[in-house]
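Colleague: My structure file query_17.pdb, PDB, C-alpha atoms, pLDDT in the B column, is below:
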ATOM      1  CA  MET B   1       0.000   0.000   0.000  1.00 80.00           C
ATOM      2  CA  LYS B   2       2.876   2.369   0.796  1.00 85.00           C
ATOM      3  CA  LYS B   3       4.226   2.370  -2.784  1.00 89.00           C
ATOM      4  CA  LYS B   4       0.760   2.990  -4.211  1.00 89.00           C
ATOM      5  CA  VAL B   5       0.094   5.925  -1.847  1.00 89.00           C
ATOM      6  CA  GLU B   6       3.497   7.413  -2.672  1.00 91.00           C
ATOM      7  CA  LYS B   7       2.783   7.148  -6.421  1.00 92.00           C
ATOM      8  CA  LEU B   8      -0.656   8.772  -6.031  1.00 92.00           C
ATOM      9  CA  LEU B   9       0.751  11.516  -3.840  1.00 92.00           C
ATOM     10  CA  PHE B  10       3.412  12.479  -6.361  1.00 91.00           C
ATOM     11  CA  GLU B  11       0.874  12.345  -9.205  1.00 93.00           C
ATOM     12  CA  ALA B  12      -1.364  14.780  -7.313  1.00 93.00           C
ATOM     13  CA  LEU B  13       1.537  17.121  -6.535  1.00 92.00           C
ATOM     14  CA  ALA B  14       2.704  17.074 -10.173  1.00 92.00           C
ATOM     15  CA  GLU B  15      -0.528  18.827 -11.166  1.00 91.00           C
ATOM     16  CA  ASN B  16       0.596  22.042  -9.449  1.00 91.00           C
ATOM     17  CA  PRO B  17       4.364  22.793  -9.495  1.00 91.00           C
ATOM     18  CA  GLU B  18       3.954  25.425  -6.749  1.00 92.00           C
ATOM     19  CA  LEU B  19       3.097  22.672  -4.265  1.00 92.00           C
ATOM     20  CA  PHE B  20       5.645  20.488  -2.532  1.00 92.00           C
ATOM     21  CA  LEU B  21       5.682  17.617  -0.085  1.00 92.00           C
ATOM     22  CA  VAL B  22       6.922  18.351   3.428  1.00 91.00           C
ATOM     23  CA  ASP B  23       6.400  14.892   4.912  1.00 90.00           C
ATOM     24  CA  TRP B  24       4.114  11.908   4.797  1.00 93.00           C
ATOM     25  CA  SER B  25       3.665   8.683   6.703  1.00 93.00           C
ATOM     26  CA  ILE B  26       1.516   5.593   6.899  1.00 93.00           C
ATOM     27  CA  ASN B  27       1.305   3.576  10.108  1.00 92.00           C
ATOM     28  CA  ALA B  28       0.383  -0.024  10.879  1.00 89.00           C
ATOM     29  CA  GLN B  29      -3.324   0.905  11.153  1.00 90.00           C
ATOM     30  CA  ASN B  30      -3.201   2.394   7.615  1.00 89.00           C
ATOM     31  CA  GLN B  31      -3.541   5.966   8.858  1.00 93.00           C
ATOM     32  CA  ILE B  32      -2.065   8.083   6.087  1.00 93.00           C
ATOM     33  CA  GLU B  33      -0.841  11.545   7.056  1.00 94.00           C
ATOM     34  CA  VAL B  34       0.353  13.977   4.398  1.00 94.00           C
ATOM     35  CA  LEU B  35       1.893  17.423   4.982  1.00 93.00           C
ATOM     36  CA  VAL B  36       1.988  19.631   1.892  1.00 93.00           C
ATOM     37  CA  ASP B  37       3.023  23.251   1.433  1.00 92.00           C
ATOM     38  CA  GLY B  38       3.059  25.738  -1.406  1.00 91.00           C
ATOM     39  CA  ASP B  39       5.493  28.408  -2.540  1.00 88.00           C
ATOM     40  CA  ASN B  40       2.653  30.954  -2.369  1.00 85.00           C
ATOM     41  CA  GLY B  41       0.521  29.395   0.322  1.00 84.00           C
ATOM     42  CA  LEU B  42      -1.741  26.371   0.172  1.00 87.00           C
ATOM     43  CA  PRO B  43      -5.356  26.983  -0.853  1.00 89.00           C
ATOM     44  CA  MET B  44      -7.966  24.631   0.602  1.00 92.00           C
ATOM     45  CA  GLU B  45      -8.970  23.550  -2.929  1.00 93.00           C
ATOM     46  CA  GLU B  46      -5.476  22.107  -3.438  1.00 93.00           C
ATOM     47  CA  ILE B  47      -5.691  20.102  -0.207  1.00 93.00           C
ATOM     48  CA  VAL B  48      -9.056  18.742  -1.372  1.00 94.00           C
ATOM     49  CA  LYS B  49      -7.649  17.834  -4.832  1.00 94.00           C
ATOM     50  CA  ILE B  50      -4.721  15.928  -3.317  1.00 94.00           C
ATOM     51  CA  SER B  51      -6.954  14.160  -0.814  1.00 94.00           C
ATOM     52  CA  ARG B  52      -9.474  13.151  -3.476  1.00 94.00           C
ATOM     53  CA  HIS B  53      -6.783  11.940  -5.878  1.00 94.00           C
ATOM     54  CA  ILE B  54      -5.360   9.605  -3.247  1.00 92.00           C
ATOM     55  CA  GLU B  55      -8.687   8.520  -1.764  1.00 92.00           C
ATOM     56  CA  HIS B  56     -10.449   7.866  -5.091  1.00 91.00           C
ATOM     57  CA  ASN B  57      -7.587   5.681  -6.325  1.00 91.00           C
ATOM     58  CA  LEU B  58      -7.369   3.432  -3.280  1.00 87.00           C
ATOM     59  CA  ASP B  59      -9.797   0.585  -2.754  1.00 84.00           C
ATOM     60  CA  ARG B  60     -11.381   0.532   0.715  1.00 81.00           C
ATOM     61  CA  GLU B  61     -12.655  -2.975  -0.009  1.00 81.00           C
ATOM     62  CA  GLU B  62      -9.049  -4.117  -0.405  1.00 82.00           C
ATOM     63  CA  GLU B  63      -7.637  -2.247   2.620  1.00 81.00           C
ATOM     64  CA  ASP B  64      -9.330   0.143   5.008  1.00 88.00           C
ATOM     65  CA  PHE B  65      -7.481   3.407   5.637  1.00 90.00           C
ATOM     66  CA  ALA B  66      -7.767   6.890   7.123  1.00 92.00           C
ATOM     67  CA  LEU B  67      -6.357   9.859   5.213  1.00 92.00           C
ATOM     68  CA  THR B  68      -5.355  13.298   6.467  1.00 93.00           C
ATOM     69  CA  VAL B  69      -3.919  15.906   4.096  1.00 93.00           C
ATOM     70  CA  SER B  70      -2.936  19.249   5.612  1.00 91.00           C
ATOM     71  CA  SER B  71      -0.392  22.025   5.614  1.00 90.00           C
ATOM     72  CA  PRO B  72       2.203  22.314   8.366  1.00 87.00           C
ATOM     73  CA  GLY B  73       1.056  24.759  11.022  1.00 82.00           C
ATOM     74  CA  VAL B  74       3.026  27.835  11.974  1.00 80.00           C
ATOM     75  CA  THR B  75       4.579  25.965  14.916  1.00 83.00           C
ATOM     76  CA  HIS B  76       5.674  23.030  12.750  1.00 89.00           C
ATOM     77  CA  PRO B  77       9.455  23.003  12.195  1.00 93.00           C
ATOM     78  CA  LEU B  78      10.808  23.857   8.749  1.00 93.00           C
ATOM     79  CA  GLU B  79      12.047  20.653   7.141  1.00 88.00           C
ATOM     80  CA  THR B  80      12.772  21.241   3.470  1.00 89.00           C
ATOM     81  CA  PRO B  81      14.963  23.807   1.681  1.00 91.00           C
ATOM     82  CA  ARG B  82      11.847  24.937  -0.175  1.00 92.00           C
ATOM     83  CA  GLN B  83      10.130  25.745   3.138  1.00 92.00           C
ATOM     84  CA  PHE B  84      13.131  27.825   4.148  1.00 94.00           C
ATOM     85  CA  LYS B  85      13.010  29.714   0.810  1.00 93.00           C
ATOM     86  CA  LYS B  86       9.335  30.455   1.372  1.00 90.00           C
ATOM     87  CA  ASN B  87      10.187  32.040   4.732  1.00 92.00           C
ATOM     88  CA  VAL B  88      13.092  34.343   3.755  1.00 93.00           C
ATOM     89  CA  GLY B  89      12.792  37.568   5.722  1.00 93.00           C
ATOM     90  CA  ARG B  90      10.993  35.950   8.670  1.00 93.00           C
ATOM     91  CA  LEU B  91      12.267  35.551  12.213  1.00 95.00           C
ATOM     92  CA  LEU B  92      13.338  31.989  13.060  1.00 95.00           C
ATOM     93  CA  LYS B  93      14.328  30.147  16.198  1.00 94.00           C
ATOM     94  CA  VAL B  94      17.060  27.731  15.152  1.00 95.00           C
ATOM     95  CA  LYS B  95      18.517  24.969  17.291  1.00 94.00           C
ATOM     96  CA  THR B  96      21.754  23.505  16.003  1.00 92.00           C
ATOM     97  CA  LYS B  97      23.157  20.013  16.536  1.00 90.00           C
ATOM     98  CA  ASP B  98      25.781  21.389  18.935  1.00 88.00           C
ATOM     99  CA  ASN B  99      22.851  22.610  21.100  1.00 80.00           C
ATOM    100  CA  GLY B 100      23.312  26.238  20.144  1.00 85.00           C
ATOM    101  CA  GLU B 101      20.188  28.333  19.748  1.00 91.00           C
ATOM    102  CA  LEU B 102      19.642  31.475  17.696  1.00 90.00           C
ATOM    103  CA  LYS B 103      16.696  33.766  17.234  1.00 93.00           C
ATOM    104  CA  ALA B 104      17.505  35.486  13.964  1.00 94.00           C
ATOM    105  CA  ARG B 105      16.126  36.653  10.648  1.00 95.00           C
ATOM    106  CA  LEU B 106      16.373  34.265   7.707  1.00 96.00           C
ATOM    107  CA  ASN B 107      18.374  36.320   5.237  1.00 95.00           C
ATOM    108  CA  GLU B 108      19.171  33.885   2.452  1.00 94.00           C
ATOM    109  CA  VAL B 109      18.852  30.219   1.484  1.00 95.00           C
ATOM    110  CA  PHE B 110      21.636  28.382  -0.318  1.00 94.00           C
ATOM    111  CA  GLU B 111      21.770  24.891  -1.779  1.00 92.00           C
ATOM    112  CA  ASP B 112      23.501  23.580   1.353  1.00 94.00           C
ATOM    113  CA  GLY B 113      22.232  25.863   4.124  1.00 95.00           C
ATOM    114  CA  ILE B 114      20.879  29.191   5.313  1.00 96.00           C
ATOM    115  CA  GLU B 115      22.198  32.592   6.319  1.00 95.00           C
ATOM    116  CA  LEU B 116      20.825  34.250   9.437  1.00 95.00           C
ATOM    117  CA  THR B 117      21.241  37.853  10.624  1.00 93.00           C
ATOM    118  CA  TRP B 118      20.584  39.339  14.039  1.00 92.00           C
ATOM    119  CA  LYS B 119      21.578  42.309  16.195  1.00 90.00           C
ATOM    120  CA  GLN B 120      23.585  41.845  19.341  1.00 85.00           C
ATOM    121  CA  ARG B 121      24.991  44.122  22.047  1.00 87.00           C
ATOM    122  CA  GLU B 122      28.755  43.838  22.481  1.00 85.00           C
ATOM    123  CA  LYS B 123      31.510  45.671  24.319  1.00 86.00           C
ATOM    124  CA  LYS B 124      32.960  48.560  22.362  1.00 85.00           C
ATOM    125  CA  PRO B 125      36.422  47.784  20.961  1.00 82.00           C
ATOM    126  CA  VAL B 126      37.670  51.055  22.434  1.00 81.00           C
ATOM    127  CA  GLY B 127      36.305  52.782  25.510  1.00 80.00           C
ATOM    128  CA  LYS B 128      33.563  51.831  27.940  1.00 84.00           C
ATOM    129  CA  GLY B 129      30.071  50.648  27.237  1.00 84.00           C
ATOM    130  CA  LYS B 130      28.392  48.528  24.632  1.00 88.00           C
ATOM    131  CA  HIS B 131      27.215  49.054  21.089  1.00 83.00           C
ATOM    132  CA  THR B 132      24.860  47.149  18.789  1.00 87.00           C
ATOM    133  CA  VAL B 133      26.415  45.136  15.989  1.00 85.00           C
ATOM    134  CA  GLU B 134      24.807  43.117  13.233  1.00 90.00           C
ATOM    135  CA  LYS B 135      25.851  39.493  13.163  1.00 89.00           C
ATOM    136  CA  LYS B 136      25.605  37.142  10.209  1.00 93.00           C
ATOM    137  CA  GLU B 137      26.081  33.389  10.180  1.00 91.00           C
ATOM    138  CA  LYS B 138      25.746  30.682   7.572  1.00 94.00           C
ATOM    139  CA  ILE B 139      24.433  27.377   8.924  1.00 93.00           C
ATOM    140  CA  PRO B 140      24.488  24.173   6.849  1.00 94.00           C
ATOM    141  CA  PHE B 141      21.178  22.280   6.687  1.00 95.00           C
ATOM    142  CA  ASN B 142      22.808  19.204   8.225  1.00 93.00           C
ATOM    143  CA  ASP B 143      23.745  21.263  11.328  1.00 94.00           C
ATOM    144  CA  ILE B 144      20.141  22.344  11.947  1.00 94.00           C
ATOM    145  CA  LYS B 145      18.344  20.271  14.541  1.00 94.00           C
ATOM    146  CA  LYS B 146      15.131  22.327  14.473  1.00 94.00           C
ATOM    147  CA  ALA B 147      14.005  25.602  12.898  1.00 95.00           C
ATOM    148  CA  VAL B 148      10.641  27.213  13.657  1.00 94.00           C
ATOM    149  CA  VAL B 149       9.188  30.468  12.344  1.00 93.00           C
ATOM    150  CA  GLN B 150       8.518  32.932  15.157  1.00 93.00           C
ATOM    151  CA  ILE B 151       5.288  34.883  15.211  1.00 87.00           C
ATOM    152  CA  GLU B 152       5.941  38.615  15.262  1.00 85.00           C
ATOM    153  CA  ILE B 153       3.358  41.056  16.544  1.00 81.00           C
TER     154      ILE B 153
END
What is this file in structure tokens?
Modeller:
Amino acid sequence: MKKKVEKLLFEALAENPELFLVDWSINAQNQIEVLVDGDNGLPMEEIVKISRHIEHNLDREEEDFALTVSSPGVTHPLETPRQFKKNVGRLLKVKTKDNGELKARLNEVFEDGIELTWKQREKKPVGKGKHTVEKKEKIPFNDIKKAVVQIEI
């Protein structure tokens, strides 16, 4: 069943190149969960199209299943480079594999990672006191443990 669902999922996504798969799974009870996103958002009609394409091409008489197709919520971690590209300019909370944590703006996305910028108070090189400096850091995707968009008010 897994191969068939995967084939149907990719067929449905091929109909709209702005859509992309974030994640999907099927468990032992045949509960199918699909997370899809879009470069310019994810209209409800697209979720319905994907759901119908999968559901109408599986036989419930052969195997019973439950299907959920949705978009990742705002608190769902970013998982694919395409999700990062969609969120350039937004504030992220990034945890790295060495247990570092940054709250910074997503400045740019590269093939192998991201660039973050943030402001930080540091001691002045000369004299007393502190001044604000802009920091910039490139982080490879394989060093990112978790990255979540932060809601700004």
Colleague: Give as a ChimeraX atom specification the residues that the PyMOL selection byres ((chain B and resi 30) around 8) matches when applied to the coordinates above.
Modeller: /B:26-29,31-32,64-66
Colleague: Take the selection from the previous step and output its residues with C-alpha atoms, as a compact mmCIF listing (two decimals), in the frame of the given file.
Modeller:
# COMPACT_ATOMS: atom_id res chain seq x y z
CA ILE B 26 1.52 5.59 6.90
CA ASN B 27 1.30 3.58 10.11
CA ALA B 28 0.38 -0.02 10.88
CA GLN B 29 -3.32 0.90 11.15
CA GLN B 31 -3.54 5.97 8.86
CA ILE B 32 -2.06 8.08 6.09
CA ASP B 64 -9.33 0.14 5.01
CA PHE B 65 -7.48 3.41 5.64
CA ALA B 66 -7.77 6.89 7.12
Colleague: Excluding Thr132 (chain B) and its own-chain neighbours fewer than 4 positions away, which residues fall within 10 Å of it when counting all atoms listed in the file? Please give them as number ranges by chain.
Modeller: B: 119-124
Colleague: Quick one: apply the PyMOL selection byres ((chain B and resi 79-87) around 9) to the file and drop the selected residues here as a list of chain:residue names.
Modeller: B:Phe20, B:Leu21, B:Val22, B:Asp23, B:Asp37, B:Gly38, B:Asp39, B:Asn40, B:Gly41, B:His76, B:Pro77, B:Leu78, B:Val88, B:Gly89, B:Arg90, B:Leu91, B:Leu92, B:Leu106, B:Glu108, B:Val109, B:Phe110, B:Glu111, B:Asp112, B:Gly113, B:Ile114, B:Phe141, B:Lys146, B:Ala147, B:Val149
Colleague: Quick one, how far is CA of Glu15 (chain B) from CA of Val48 (chain B)?
Modeller: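 So the two atoms, CA of Glu15 (chain B) and CA of Val48 (chain B), lie 13.0 Å apart.
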Colleague: Between B:Lys103, B:Lys135, B:Lys93, B:Arg52, single out the one closest to Val148 (chain B), counting only C-alpha atoms.
Modeller: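 Distance minimum relative to Val148 (chain B) lands on B:Lys93.
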Colleague: For CA of Leu9 (chain B) and CA of Val34 (chain B), quote the distance in Å rounded to one decimal.
Modeller: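 That distance, rounded to one decimal, is 8.6 Å.
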Colleague: Could you jot down the CA of Arg105 (chain B) to CA of Pro43 (chain B) separation for me, Å, one decimal place?
Modeller: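 Value for the CA of Arg105 (chain B)-CA of Pro43 (chain B) distance: 26.2 Å.
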Colleague: Would you pick out the contacts of Thr96 (chain B) at 10 Å or less, using all atoms listed in the file, so that residues sharing its chain but fewer than 4 positions from it are not included, and give the list as a PDB file with C-alpha atoms, in the frame of the given file?
Modeller:
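Saved as out-v2.pdb:
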ATOM      1  CA  GLY B 100      23.312  26.238  20.144  1.00 85.00           C
ATOM      2  CA  GLU B 101      20.188  28.333  19.748  1.00 91.00           C
ATOM      3  CA  LEU B 102      19.642  31.475  17.696  1.00 90.00           C
ATOM      4  CA  ILE B 139      24.433  27.377   8.924  1.00 93.00           C
ATOM      5  CA  PRO B 140      24.488  24.173   6.849  1.00 94.00           C
ATOM      6  CA  PHE B 141      21.178  22.280   6.687  1.00 95.00           C
ATOM      7  CA  ASN B 142      22.808  19.204   8.225  1.00 93.00           C
ATOM      8  CA  ASP B 143      23.745  21.263  11.328  1.00 94.00           C
ATOM      9  CA  ILE B 144      20.141  22.344  11.947  1.00 94.00           C
ATOM     10  CA  LYS B 145      18.344  20.271  14.541  1.00 94.00           C
ATOM     11  CA  LYS B 146      15.131  22.327  14.473  1.00 94.00           C
ATOM     12  CA  ALA B 147      14.005  25.602  12.898  1.00 95.00           C
TER      13      ALA B 147
END
Colleague: Of the candidates B:Met1, B:Ile151, B:Ile47, B:Ala104, which one gets nearest to Arg60 (chain B) if we count only C-alpha atoms?
Modeller: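 Nearest candidate to Arg60 (chain B) out of B:Met1, B:Ile151, B:Ile47, B:Ala104: B:Met1.
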Colleague: Using only C-alpha atoms, determine which residues lie at most 12 Å from Ala12 (chain B), disregarding the query and same-chain residues fewer than 6 positions distant; provide the list as a list in words.
Modeller: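 In the requested format, the answer is Val5, Glu6, Glu18, Leu19, Phe20, Leu21, Val34, Val36, Glu46, Ile47, Val48, Lys49, Ile50, Ser51, Arg52, His53, Ile54, Glu55, His56, Asn57 and Val69 of chain B.
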Colleague: Between B:Ser70, B:Asn107, B:Asn99, B:Leu58, which has the minimum distance to Leu8 (chain B) (counting only C-alpha atoms)?
Modeller: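 Going through B:Ser70, B:Asn107, B:Asn99, B:Leu58 one by one, the smallest distance to Leu8 (chain B) is for B:Leu58.
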